[in-house]
file model.cif (mmCIF, C-alpha atoms)
data_start
loop_
_atom_site.label_atom_id
_atom_site.label_comp_id
_atom_site.auth_asym_id
_atom_site.auth_seq_id
_atom_site.Cartn_x
_atom_site.Cartn_y
_atom_site.Cartn_z
CA MET A 21 53.03 88.07 109.01
CA ARG A 22 56.30 86.99 110.65
CA GLY A 23 58.80 89.24 112.40
CA GLY A 24 57.00 92.36 111.22
CA TYR A 25 57.30 91.32 107.54
CA VAL A 26 54.16 91.63 105.44
CA ARG A 27 54.23 89.54 102.30
CA PRO A 28 53.33 91.70 99.29
CA LYS A 29 50.49 90.71 97.03
CA VAL A 30 51.36 89.03 93.74
CA SER A 31 49.79 91.94 91.83
CA GLU A 32 52.10 94.37 93.66
CA LEU A 33 55.13 92.25 92.82
CA MET A 34 54.12 92.13 89.16
CA ARG A 35 53.61 95.91 89.03
CA SER A 36 57.01 96.37 90.62
CA PHE A 37 58.61 93.98 88.12
CA PHE A 38 57.12 95.63 85.07
CA SER A 39 57.95 99.10 86.42
CA TRP A 40 61.55 97.98 86.80
CA MET A 41 61.51 96.41 83.35
CA ASP A 42 60.22 99.62 81.74
CA TYR A 43 62.73 101.73 83.65
CA SER A 44 65.68 99.51 82.76
CA GLU A 45 64.70 99.57 79.09
CA HIS A 46 64.45 103.37 79.17
CA GLU A 47 67.85 103.62 80.84
CA ARG A 48 69.38 101.23 78.30
CA ARG A 49 68.11 103.36 75.40
CA GLU A 50 69.45 106.51 77.02
CA ALA A 51 72.85 104.86 77.43
CA LEU A 52 72.87 103.94 73.74
CA ASP A 53 71.96 107.52 72.82
CA ILE A 54 74.87 108.77 74.92
CA ILE A 55 77.27 106.38 73.17
CA ASP A 56 76.14 107.74 69.80
CA LEU A 57 76.56 111.29 71.05
CA PHE A 58 80.22 110.64 71.83
CA ARG A 59 80.84 111.11 68.11
CA GLU A 60 79.82 114.75 68.53
CA GLN A 61 82.30 116.38 70.90
CA ASP A 62 80.29 119.56 71.47
CA THR A 63 77.25 117.70 72.79
CA ARG A 64 78.93 115.65 75.52
CA ASP A 65 77.59 116.03 79.02
CA GLU A 66 80.99 116.70 80.59
CA LEU A 67 79.67 118.17 83.85
CA GLY A 68 76.84 115.76 84.52
CA ILE A 69 73.82 118.02 83.98
CA GLY A 70 72.16 115.73 81.44
CA THR A 71 69.34 114.70 83.77
CA VAL A 72 68.08 118.30 83.91
CA ARG A 73 68.58 118.79 80.18
CA ASP A 74 66.61 115.62 79.43
CA ALA A 75 63.89 116.51 81.93
CA PHE A 76 63.08 119.68 79.99
CA ALA A 77 63.51 117.96 76.62
CA ASP A 78 60.94 115.35 77.68
CA LEU A 79 58.54 118.05 78.83
CA LEU A 80 58.84 120.01 75.59
CA PHE A 81 59.38 117.31 72.95
CA PRO A 82 58.29 113.90 74.31
CA GLY A 83 58.96 110.93 72.07
CA THR A 84 62.02 112.45 70.47
CA SER A 85 65.65 111.52 71.00
CA THR A 86 68.95 113.11 70.08
CA ILE A 87 69.70 110.62 67.30
CA GLN A 88 66.37 110.56 65.51
CA THR A 89 66.38 112.22 62.11
CA ARG A 90 63.12 112.38 60.13
CA ALA A 91 59.43 111.99 60.92
CA ARG A 92 58.61 109.23 58.43
CA TYR A 93 60.69 106.71 60.38
CA PHE A 94 57.78 106.71 62.83
CA LEU A 95 55.91 104.91 60.03
CA PHE A 96 58.75 102.95 58.42
CA VAL A 97 59.29 100.89 61.59
CA PRO A 98 55.67 99.77 62.15
CA TRP A 99 55.26 99.08 58.42
CA ILE A 100 58.18 96.68 58.53
CA TYR A 101 56.92 94.87 61.63
CA LEU A 102 53.27 94.78 60.59
CA GLU A 103 54.22 93.06 57.35
CA MET A 104 56.19 90.46 59.30
CA GLU A 105 53.23 89.91 61.63
CA ARG A 106 50.96 89.49 58.61
CA SER A 107 53.38 86.90 57.19
CA ARG A 108 53.67 85.17 60.58
CA VAL A 109 57.47 85.38 60.62
CA PRO A 110 58.62 83.19 63.57
CA SER A 111 60.08 84.88 66.63
CA GLY A 112 63.51 83.37 65.99
CA GLN A 113 63.66 84.97 62.55
CA VAL A 114 62.14 88.39 63.25
CA ALA A 115 65.31 90.23 64.27
CA GLY A 116 67.22 89.04 61.20
CA ARG A 117 64.35 89.78 58.83
CA ALA A 118 63.83 93.23 60.32
CA ARG A 119 67.51 94.02 59.90
CA SER A 120 67.40 92.99 56.24
CA GLU A 121 64.37 95.20 55.66
CA GLU A 122 65.94 98.19 57.39
CA ILE A 123 69.19 97.81 55.47
CA ALA A 124 67.23 97.59 52.21
CA LEU A 125 65.47 100.79 53.23
CA ILE A 126 68.80 102.65 53.29
CA GLY A 127 69.41 101.91 49.61
CA ALA A 128 65.85 102.79 48.63
CA LEU A 129 66.00 106.15 50.40
CA MET A 130 69.36 107.00 48.87
CA LYS A 131 67.97 106.30 45.39
CA ALA A 132 65.11 108.71 46.13
CA GLY A 133 67.65 111.53 46.09
CA ASP A 134 67.00 112.90 49.58
CA ALA A 135 69.90 111.66 51.67
CA ASP A 136 69.47 114.23 54.43
CA GLY A 137 68.46 112.27 57.49
CA VAL A 138 68.87 108.75 56.09
CA ILE A 139 70.01 106.58 58.98
CA GLY A 140 72.95 104.42 57.93
CA LYS A 141 73.73 106.24 54.69
CA GLU A 142 77.47 106.21 55.42
CA VAL A 143 77.89 102.65 56.70
CA GLY A 144 75.16 100.75 54.85
CA LYS A 145 75.17 97.06 55.81
CA GLY A 146 77.56 97.84 58.65
CA LEU A 147 74.89 99.83 60.51
CA LYS A 148 74.99 98.86 64.19
CA ARG A 149 71.97 100.67 65.59
CA LEU A 150 68.90 100.31 63.44
CA PRO A 151 66.07 102.84 63.06
CA SER A 152 63.67 100.46 64.84
CA ASN A 153 65.92 100.62 67.90
CA ILE A 154 66.31 104.40 67.72
CA TYR A 155 62.57 105.06 67.41
CA TRP A 156 61.29 102.27 69.69
CA LEU A 157 60.63 104.42 72.76
CA GLY A 158 59.20 107.30 70.73
CA LEU A 159 56.74 104.95 69.04
CA ARG A 160 55.45 103.96 72.47
CA THR A 161 55.29 107.55 73.72
CA TRP A 162 53.17 108.56 70.73
CA LYS A 163 51.08 105.37 71.18
CA ILE A 164 51.84 104.13 67.70
CA ARG A 165 53.35 101.07 69.34
CA ARG A 166 50.92 99.29 71.69
CA PHE A 167 53.26 96.54 72.81
CA PRO A 168 54.56 97.71 76.22
CA GLY A 169 57.92 95.98 76.41
CA SER A 170 61.36 96.20 74.86
CA GLN A 171 62.19 95.42 71.26
CA ASP A 172 63.79 92.11 72.24
CA GLN A 173 60.71 91.14 74.24
CA TYR A 174 58.52 91.97 71.26
CA HIS A 175 60.58 89.68 69.05
CA ARG A 176 60.46 86.83 71.57
CA THR A 177 56.70 87.00 72.15
CA LEU A 178 55.51 87.11 68.54
CA ASP A 179 55.00 83.34 68.35
CA ARG A 180 52.60 83.54 71.29
CA PHE A 181 50.96 86.59 69.75
CA TYR A 182 50.19 84.66 66.56
CA GLN A 183 48.36 82.05 68.64
CA TRP A 184 46.11 84.64 70.22
CA ASP A 185 42.59 84.43 68.85
CA GLU A 186 40.86 87.69 69.72
CA ARG A 187 37.54 86.49 68.36
CA SER A 188 37.35 83.79 70.99
CA ASN A 189 38.67 86.13 73.71
CA PRO A 190 36.74 89.39 73.35
CA GLN A 191 38.06 92.30 75.41
CA VAL A 192 36.53 95.52 76.67
CA ARG A 193 38.74 98.37 75.39
CA ASN A 194 39.43 101.87 76.68
CA ASP A 195 39.53 105.09 74.63
CA ASP A 196 43.06 104.28 73.45
CA GLY A 197 41.95 100.98 71.98
CA GLU A 198 43.74 98.94 74.64
CA PRO A 199 42.10 96.13 76.66
CA VAL A 200 41.03 97.29 80.11
CA ASP A 201 42.58 94.25 81.80
CA GLY A 202 45.96 94.99 80.28
CA VAL A 203 46.07 92.10 77.79
CA VAL A 204 47.67 93.22 74.54
CA VAL A 205 45.74 92.00 71.48
CA SER A 206 47.40 94.34 69.00
CA ASN A 207 51.02 95.40 68.97
CA TRP A 208 50.43 98.50 66.85
CA ASP A 209 47.84 101.24 66.54
CA ALA A 210 45.04 100.15 64.21
CA ALA A 211 44.91 103.51 62.42
CA ILE A 212 48.47 103.48 61.04
CA PRO A 213 48.30 104.59 57.37
CA PRO A 214 48.74 101.68 54.96
CA ARG A 215 52.19 100.61 53.87
CA PRO A 216 52.92 101.57 50.24
CA ARG A 217 52.58 98.56 47.95
CA ASP A 218 56.20 98.58 46.77
CA PHE A 219 57.76 99.48 50.15
CA PRO A 220 60.68 99.72 50.74
CA ARG A 221 61.34 100.22 47.00
CA GLY A 222 60.59 103.78 46.02
CA ALA A 223 60.59 104.90 49.65
CA SER A 224 60.97 108.60 50.41
CA LEU A 225 61.43 110.61 53.58
CA ARG A 226 58.57 112.90 52.59
CA LEU A 227 55.20 112.37 54.26
CA SER A 228 51.87 112.28 52.47
CA GLN A 229 48.94 114.35 53.73
CA GLU A 230 47.36 111.25 55.25
CA GLU A 231 50.57 110.27 57.03
CA ALA A 232 51.20 113.78 58.33
CA GLY A 233 47.64 114.00 59.60
CA TYR A 234 48.01 110.67 61.37
CA LEU A 235 51.20 111.72 63.14
CA ILE A 236 49.59 114.98 64.23
CA GLU A 237 46.65 113.05 65.66
CA ARG A 238 48.96 110.69 67.53
CA ILE A 239 51.07 113.51 68.96
CA VAL A 240 48.13 115.69 69.99
CA GLN A 241 46.32 112.78 71.65
CA SER A 242 49.30 111.10 73.30
CA VAL A 243 51.28 114.13 74.54
CA PRO A 244 48.68 116.93 74.71
CA GLY A 245 49.68 120.36 75.94
CA THR A 246 53.35 119.97 75.05
CA LEU A 247 55.24 122.37 72.81
CA LEU A 248 55.62 119.55 70.28
CA ALA A 249 51.84 119.02 70.14
CA LEU A 250 51.10 122.73 69.89
CA LEU A 251 53.50 123.31 67.00
CA VAL A 252 52.31 120.39 64.88
CA GLU A 253 48.67 121.21 65.58
CA ARG A 254 49.21 124.79 64.42
CA GLY A 255 50.53 123.43 61.15
CA GLU A 256 52.22 126.70 60.21
CA VAL A 257 55.48 126.69 58.27
CA PHE A 258 58.30 128.60 59.96
CA GLU A 259 61.91 129.38 59.23
CA PRO A 260 64.30 127.15 61.23
CA VAL A 261 65.63 128.82 64.37
CA ARG A 262 68.49 127.85 66.67
CA PHE A 263 66.57 127.65 69.94
CA PRO A 264 62.91 126.89 70.73
CA TRP A 265 62.52 130.08 72.79
CA VAL A 266 63.05 132.23 69.68
CA HIS A 267 60.28 130.52 67.70
CA PRO A 268 57.95 133.19 66.23
CA CYS A 269 54.87 131.87 68.03
CA ILE A 270 56.31 132.10 71.56
CA SER A 271 54.15 135.09 72.52
CA GLU A 272 51.04 133.08 71.67
CA LEU A 273 51.87 130.10 73.86
CA PRO A 274 49.88 129.23 76.98
CA ALA A 275 51.43 130.55 80.19
CA ARG A 276 52.52 127.06 81.29
CA LEU A 277 54.54 126.46 78.11
CA ARG A 278 56.03 129.93 78.20
CA GLY A 279 57.13 129.23 81.76
CA GLN A 280 58.80 125.96 80.76
CA LEU A 281 60.68 127.72 77.98
CA ILE A 282 61.79 130.56 80.25
CA HIS A 283 63.24 128.10 82.75
CA ALA A 284 64.83 126.07 79.95
CA ARG A 285 66.38 129.17 78.41
CA ASN A 286 67.72 130.50 81.70
CA PHE A 287 69.30 127.16 82.54
CA SER A 288 70.78 126.75 79.06
CA GLU A 289 72.32 130.22 78.97
CA CYS A 290 73.66 130.18 82.53
CA MET A 291 75.15 126.68 82.43
CA HIS A 292 76.85 127.40 79.11
CA GLY A 293 79.34 129.47 81.09
CA ALA A 294 80.27 126.42 83.18
CA ALA A 295 81.06 124.42 80.04
CA LEU A 296 83.20 127.22 78.66
CA LEU A 297 85.10 127.66 81.93
CA TYR A 298 85.76 123.91 82.09
CA ASN A 299 87.30 123.99 78.61
CA LEU A 300 89.31 127.11 79.48
CA MET A 301 90.77 125.28 82.46
CA LEU A 302 91.68 122.32 80.23
CA ALA A 303 93.31 124.63 77.69
CA GLU A 304 95.35 126.30 80.42
CA LEU A 305 96.47 122.96 81.81
CA ALA A 306 97.39 121.73 78.31
CA LYS A 307 99.27 125.01 77.68
CA ASN A 308 97.31 125.49 74.46
CA GLN A 309 97.43 129.27 74.15
CA THR A 310 95.26 129.36 71.03
CA ARG A 311 92.47 127.59 72.88
CA VAL A 312 93.03 129.67 76.00
CA ASP A 313 92.49 132.86 74.01
CA GLU A 314 89.47 131.34 72.28
CA TYR A 315 87.72 130.34 75.51
CA ARG A 316 88.50 133.65 77.20
CA ARG A 317 86.78 135.40 74.28
CA ASP A 318 83.88 132.96 74.48
CA LEU A 319 83.47 133.60 78.21
CA THR A 320 83.52 137.36 77.64
CA GLU A 321 80.80 137.01 75.02
CA TRP A 322 78.85 134.72 77.34
CA SER A 323 78.99 137.25 80.17
CA LEU A 324 77.72 139.95 77.81
CA ARG A 325 74.80 137.76 76.68
CA VAL A 326 73.93 136.92 80.27
CA GLY A 327 74.33 140.56 81.21
CA ASP A 328 71.85 141.59 78.52
CA ARG A 329 69.25 139.50 80.36
CA ALA A 330 70.30 140.65 83.82
CA SER A 331 66.85 141.86 84.85
CA ASP A 332 65.19 138.57 83.86
CA LEU A 333 67.83 136.41 85.50
CA ALA A 334 67.89 138.49 88.68
CA THR A 335 64.19 137.67 89.22
CA TRP A 336 64.42 134.05 88.10
CA ASP A 337 62.40 131.85 90.46
CA ARG A 338 64.86 129.01 90.87
CA ARG A 339 62.69 127.13 93.33
CA ARG A 340 60.00 127.01 90.65
CA PHE A 341 62.66 125.96 88.13
CA TRP A 342 63.36 122.81 90.12
CA GLU A 343 59.65 122.11 90.52
CA VAL A 344 59.18 122.26 86.75
CA ALA A 345 62.27 120.15 86.10
CA LEU A 346 60.94 117.42 88.40
CA SER A 347 57.31 117.67 87.26
CA GLY A 348 57.66 115.03 84.56
CA GLY A 349 59.05 112.41 86.93
CA ALA A 350 62.75 113.00 86.22
CA ARG A 351 65.17 111.70 88.84
CA ILE A 352 67.84 114.33 89.37
CA PRO A 353 70.55 113.29 91.86
CA LEU A 354 71.20 115.56 94.81
CA PRO A 355 74.90 116.10 93.87
CA THR A 356 73.74 117.35 90.46
CA ARG A 357 71.35 119.82 92.06
CA THR A 358 74.04 120.96 94.47
CA PHE A 359 76.53 121.59 91.66
CA ILE A 360 73.99 123.48 89.54
CA ASP A 361 72.82 125.63 92.44
CA GLY A 362 76.43 126.38 93.34
CA TRP A 363 77.24 127.48 89.81
CA LEU A 364 74.12 129.63 89.52
CA ASP A 365 74.94 131.30 92.85
CA LEU A 366 78.39 132.21 91.56
CA ALA A 367 77.28 133.27 88.07
CA LEU A 368 74.25 135.29 89.10
CA GLY A 369 75.19 136.48 92.57
CA ASP A 370 72.68 138.47 94.62
CA GLY A 371 71.11 140.17 91.65
CA ASP A 372 74.36 141.67 90.32
CA VAL A 373 74.36 139.40 87.26
CA VAL A 374 76.61 141.59 85.10
CA HIS A 375 79.34 141.84 87.71
CA CYS A 376 79.30 138.17 88.75
CA SER A 377 79.14 136.66 85.25
CA GLY A 378 81.89 138.96 84.02
CA ARG A 379 84.32 137.83 86.72
CA VAL A 380 83.52 134.11 86.73
CA ALA A 381 86.58 133.11 84.64
CA ALA A 382 88.90 134.42 87.35
CA ASN A 383 86.80 133.25 90.28
CA ASP A 384 88.68 130.62 92.32
CA ASP A 385 85.44 129.33 93.82
CA ALA A 386 83.97 128.79 90.35
CA ARG A 387 87.09 126.97 89.20
CA TRP A 388 87.15 124.77 92.29
CA LEU A 389 83.45 123.95 91.78
CA ILE A 390 84.16 122.80 88.21
CA HIS A 391 87.22 120.83 89.31
CA LYS A 392 85.36 119.12 92.13
CA ARG A 393 82.41 118.28 89.87
CA GLU A 394 84.54 116.64 87.20
CA ARG A 395 86.38 114.62 89.82
CA ALA A 396 83.07 113.46 91.34
CA ILE A 397 81.64 112.18 88.07
CA LYS A 398 84.78 110.92 86.30
CA ARG A 399 87.04 110.00 89.21
CA ASP A 400 90.34 108.62 87.88
CA ARG A 401 89.43 109.69 84.34
CA ALA A 402 89.00 113.38 85.24
CA ARG A 403 91.02 115.41 82.74
CA LEU A 404 91.90 118.10 85.27
CA ASP A 405 93.68 115.45 87.36
CA ASN A 406 94.79 112.88 84.79
CA ARG A 407 97.45 113.89 82.28
CA ARG A 408 96.67 110.95 79.98
CA ALA A 409 92.98 111.86 79.93
CA LEU A 410 93.92 115.46 79.21
CA GLU A 411 95.98 114.37 76.19
CA LEU A 412 92.82 112.81 74.72
CA TRP A 413 90.98 116.15 74.92
CA SER A 414 90.16 117.31 71.39
CA GLY A 415 90.09 120.98 72.29
CA ALA A 416 86.31 121.20 72.65
CA ALA A 417 84.32 119.02 75.04
CA GLY A 418 80.67 119.76 75.74
CA THR A 419 80.89 123.39 74.61
CA ALA A 420 77.55 123.59 72.81
CA GLN A 421 74.72 125.46 74.48
CA LEU A 422 71.80 123.25 75.51
CA THR A 423 68.95 123.10 72.97
CA TYR A 424 66.84 120.29 74.55
CA ARG A 425 66.67 118.22 71.31
CA TRP A 426 65.24 121.18 69.44
CA PRO A 427 67.24 120.52 66.22
CA VAL A 428 65.74 117.02 65.99
CA ALA A 429 62.25 118.09 67.06
CA GLN A 430 62.29 121.04 64.68
CA ARG A 431 63.12 118.80 61.72
CA ILE A 432 60.38 116.33 62.64
CA ILE A 433 57.85 119.15 63.07
CA LEU A 434 58.76 120.68 59.71
CA ASP A 435 58.53 117.26 58.03
CA ILE A 436 54.99 116.89 59.34
CA ILE A 437 53.93 120.41 58.38
CA ASP A 438 55.43 119.92 54.91
CA GLY A 439 53.41 116.73 54.51
CA LEU A 440 50.18 118.60 55.23
CA THR A 441 50.66 120.76 52.15
CA ARG A 442 51.85 117.98 49.86
CA GLN A 443 49.63 116.13 47.43
CA ASP A 444 49.66 112.37 47.91
CA SER A 445 50.85 111.90 44.32
CA ASP A 446 54.04 113.78 45.23
CA VAL A 447 55.20 111.07 47.62
#

call {"tool": "encode", "arguments": {"input": "model.cif", "output": "structure tokens"}}
result
Amino acid sequence: MRGGYVRPKVSELMRSFFSWMDYSEHERREALDIIDLFREQDTRDELGIGTVRDAFADLLFPGTSTIQTRARYFLFVPWIYLEMERSRVPSGQVAGRARSEEIALIGALMKAGDADGVIGKEVGKGLKRLPSNIYWLGLRTWKIRRFPGSQDQYHRTLDRFYQWDERSNPQVRNDDGEPVDGVVVSNWDAAIPPRPRDFPRGASLRLSQEEAGYLIERIVQSVPGTLLALLVERGEVFEPVRFPWVHPCISELPARLRGQLIHARNFSECMHGAALLYNLMLAELAKNQTRVDEYRRDLTEWSLRVGDRASDLATWDRRRFWEVALSGGARIPLPTRTFIDGWLDLALGDGDVVHCSGRVAANDDARWLIHKRERAIKRDRARLDNRRALELWSGAAGTAQLTYRWPVAQRIILDIIDGLTRQDSDV
């Protein structure tokens, strides 16, 4: 010890390093998801509330992302890599070989006649972001992937992995099949259903019973108690719905899950008004009367919807809302919390929800709050201050109500449930 400085232990430094490595990889994937979302104007996070949205999405549907499509990709990716491991493809060739396999998969799936959800169906060989990249984090969350690092790290370490002789280095394993000392002796879960003999030829997006059962087992064991786990474990077919809180089984959920959905719904419905007001302000500034009239109508309809739930929103425990939002480890910046609380104060008032929500479009404080928030997160690129940025406005920016990845999760859940009722010969 010198000058009050205590040198940390090597083990502490290593834990810190790997924690940073995992965090940076997670942040990089989120950034890529956001770039892909820029193609969908309505889903942009224009007012910087994405950390809260993602916090609830991770609580409800862990392992999913906004740009996933179908459930069977959770098997396509490990099948491709397991075959390369079996063939001992060198580290320097893995990325290129994987890309070739994933591009070939596009053609095979298109020939199967079910193009809905095929990643890369429009660009083919020009596909920039491969399914393996899109599903990489989800595969780890569901513990299908055992390797703890990034995709690039996995590629680089395969040569060393091939040299590992488990028979001469026996390990004591935990209940998840992982060595207790942290040494990885298998990159993938040992129970993954076998790869079809002619894969990727003849590939389909439809799951077999065995594959659906495996994914259910992985979800239930890796993310127990979540809405995702409950719905796949129930295995009951349902008609698609727009929001998770209108699912027919909501009344049967455990109190904890019902509470999460109530908070998620309240936040989604209340913050939708902020997005609509932001676009109204842009329309006014752009002197686009058609859009002005449209957003005034939308705000009127929003105030009526919020007013219909006045009694529920008036008793909403917002302190508990923040506790739930932070319960999964999400890091929500203080300025984001301040903006959200300010908007909710204006929209809900002191219990007079109908009155406050109905007057929010003409409320100078509400407009200044939106203006200040955009300036804080976009600075020189803020549309309300930058004429050039305003000219790039398409007429609708971030106007969709928050669904917390439900459209993606719903499709994956229905894929799995459909597989349970399908005979293996059908796939």

call {"tool": "resolve_selection", "arguments": {"input": "model.cif", "expression": "the PyMOL selection byres ((chain A and resi 374-384) around 10)", "output": "compact mmCIF listing (two decimals) with C-alpha atoms, in the coordinates of the input"}}
result
# COMPACT_ATOMS: atom_id res chain seq x y z
CA CYS A 290 73.66 130.18 82.53
CA GLY A 293 79.34 129.47 81.09
CA ALA A 294 80.27 126.42 83.18
CA LEU A 296 83.20 127.22 78.66
CA LEU A 297 85.10 127.66 81.93
CA TYR A 298 85.76 123.91 82.09
CA LEU A 300 89.31 127.11 79.48
CA MET A 301 90.77 125.28 82.46
CA TYR A 315 87.72 130.34 75.51
CA ARG A 316 88.50 133.65 77.20
CA LEU A 319 83.47 133.60 78.21
CA THR A 320 83.52 137.36 77.64
CA GLU A 321 80.80 137.01 75.02
CA TRP A 322 78.85 134.72 77.34
CA SER A 323 78.99 137.25 80.17
CA LEU A 324 77.72 139.95 77.81
CA ARG A 325 74.80 137.76 76.68
CA VAL A 326 73.93 136.92 80.27
CA GLY A 327 74.33 140.56 81.21
CA ASP A 328 71.85 141.59 78.52
CA ARG A 329 69.25 139.50 80.36
CA ALA A 330 70.30 140.65 83.82
CA SER A 331 66.85 141.86 84.85
CA ALA A 334 67.89 138.49 88.68
CA TRP A 363 77.24 127.48 89.81
CA LEU A 364 74.12 129.63 89.52
CA ASP A 365 74.94 131.30 92.85
CA LEU A 366 78.39 132.21 91.56
CA ALA A 367 77.28 133.27 88.07
CA LEU A 368 74.25 135.29 89.10
CA GLY A 369 75.19 136.48 92.57
CA ASP A 370 72.68 138.47 94.62
CA GLY A 371 71.11 140.17 91.65
CA ASP A 372 74.36 141.67 90.32
CA VAL A 373 74.36 139.40 87.26
CA ASP A 385 85.44 129.33 93.82
CA ALA A 386 83.97 128.79 90.35
CA ARG A 387 87.09 126.97 89.20
CA TRP A 388 87.15 124.77 92.29
CA LEU A 389 83.45 123.95 91.78
CA ILE A 390 84.16 122.80 88.21

call {"tool": "residues_around", "arguments": {"input": "model.cif", "residues": "A:Pro260", "least_positions_apart": "4", "cutoff": "12 Å", "atoms": "all atoms listed in the file", "output": "PyMOL selection string"}}
result
chain A and resi 264+266-268+426-435

call {"tool": "closest_residue", "arguments": {"input": "model.cif", "among": "A:Glu289, A:Asp172, A:Glu142, A:Glu237", "to": "A:Thr419", "atoms": "all atoms listed in the file"}}
result
A:Glu289

call {"tool": "atom_distance", "arguments": {"input": "model.cif", "atom1": "atom CA of A:Glu253", "atom2": "atom CA of A:Ile236"}}
result
6.4 Å

call {"tool": "resolve_selection", "arguments": {"input": "model.cif", "expression": "the PyMOL selection byres ((chain A and resi 81) around 9)", "output": "NGL selection string"}}
result
:A and (76-80 or 82-85 or 243 or 246-249 or 424-426 or 429)

call {"tool": "closest_residue", "arguments": {"input": "model.cif", "among": "A:Thr441, A:Glu122, A:Tyr155, A:Ala295", "to": "A:Gln88", "atoms": "all atoms listed in the file"}}
result
A:Tyr155

call {"tool": "closest_residue", "arguments": {"input": "model.cif", "among": "A:Gly116, A:Gly233, A:Gly222, A:Pro110", "to": "A:Gly133", "atoms": "all atoms listed in the file"}}
result
A:Gly222

call {"tool": "closest_residue", "arguments": {"input": "model.cif", "among": "A:Glu105, A:Asp313, A:Asp318, A:Glu304", "to": "A:Ser206", "atoms": "only C-alpha atoms"}}
result
A:Glu105

call {"tool": "resolve_selection", "arguments": {"input": "model.cif", "expression": "the PyMOL selection byres ((chain A and resi 256) around 10)", "output": "list in words"}}
result
Leu251, Val252, Glu253, Arg254, Gly255, Val257, Phe258, Cys269, Ile433, Leu434, Ile437, Asp438 and Leu440 of chain A

call {"tool": "closest_residue", "arguments": {"input": "model.cif", "among": "A:Ile212, A:Ala303, A:Trp265, A:Ile282", "to": "A:Asp337", "atoms": "all atoms listed in the file"}}
result
A:Ile282

call {"tool": "atom_distance", "arguments": {"input": "model.cif", "atom1": "atom CA of A:Ala306", "atom2": "atom CA of A:Gly415"}}
result
9.5 Å

call {"tool": "atom_distance", "arguments": {"input": "model.cif", "atom1": "atom CA of A:Ala128", "atom2": "atom CA of A:Arg160"}}
result
26.0 Å

call {"tool": "residues_near_point", "arguments": {"input": "model.cif", "point": "(52.2, 96.0, 66.6)", "cutoff": "8 Å", "atoms": "only C-alpha atoms", "output": "ChimeraX atom specification"}}
result
/A:98,101-102,105,165-167,206-209

call {"tool": "closest_residue", "arguments": {"input": "model.cif", "among": "A:Leu159, A:Val240, A:Ala210, A:Val109", "to": "A:Leu178", "atoms": "only C-alpha atoms"}}
result
A:Val109
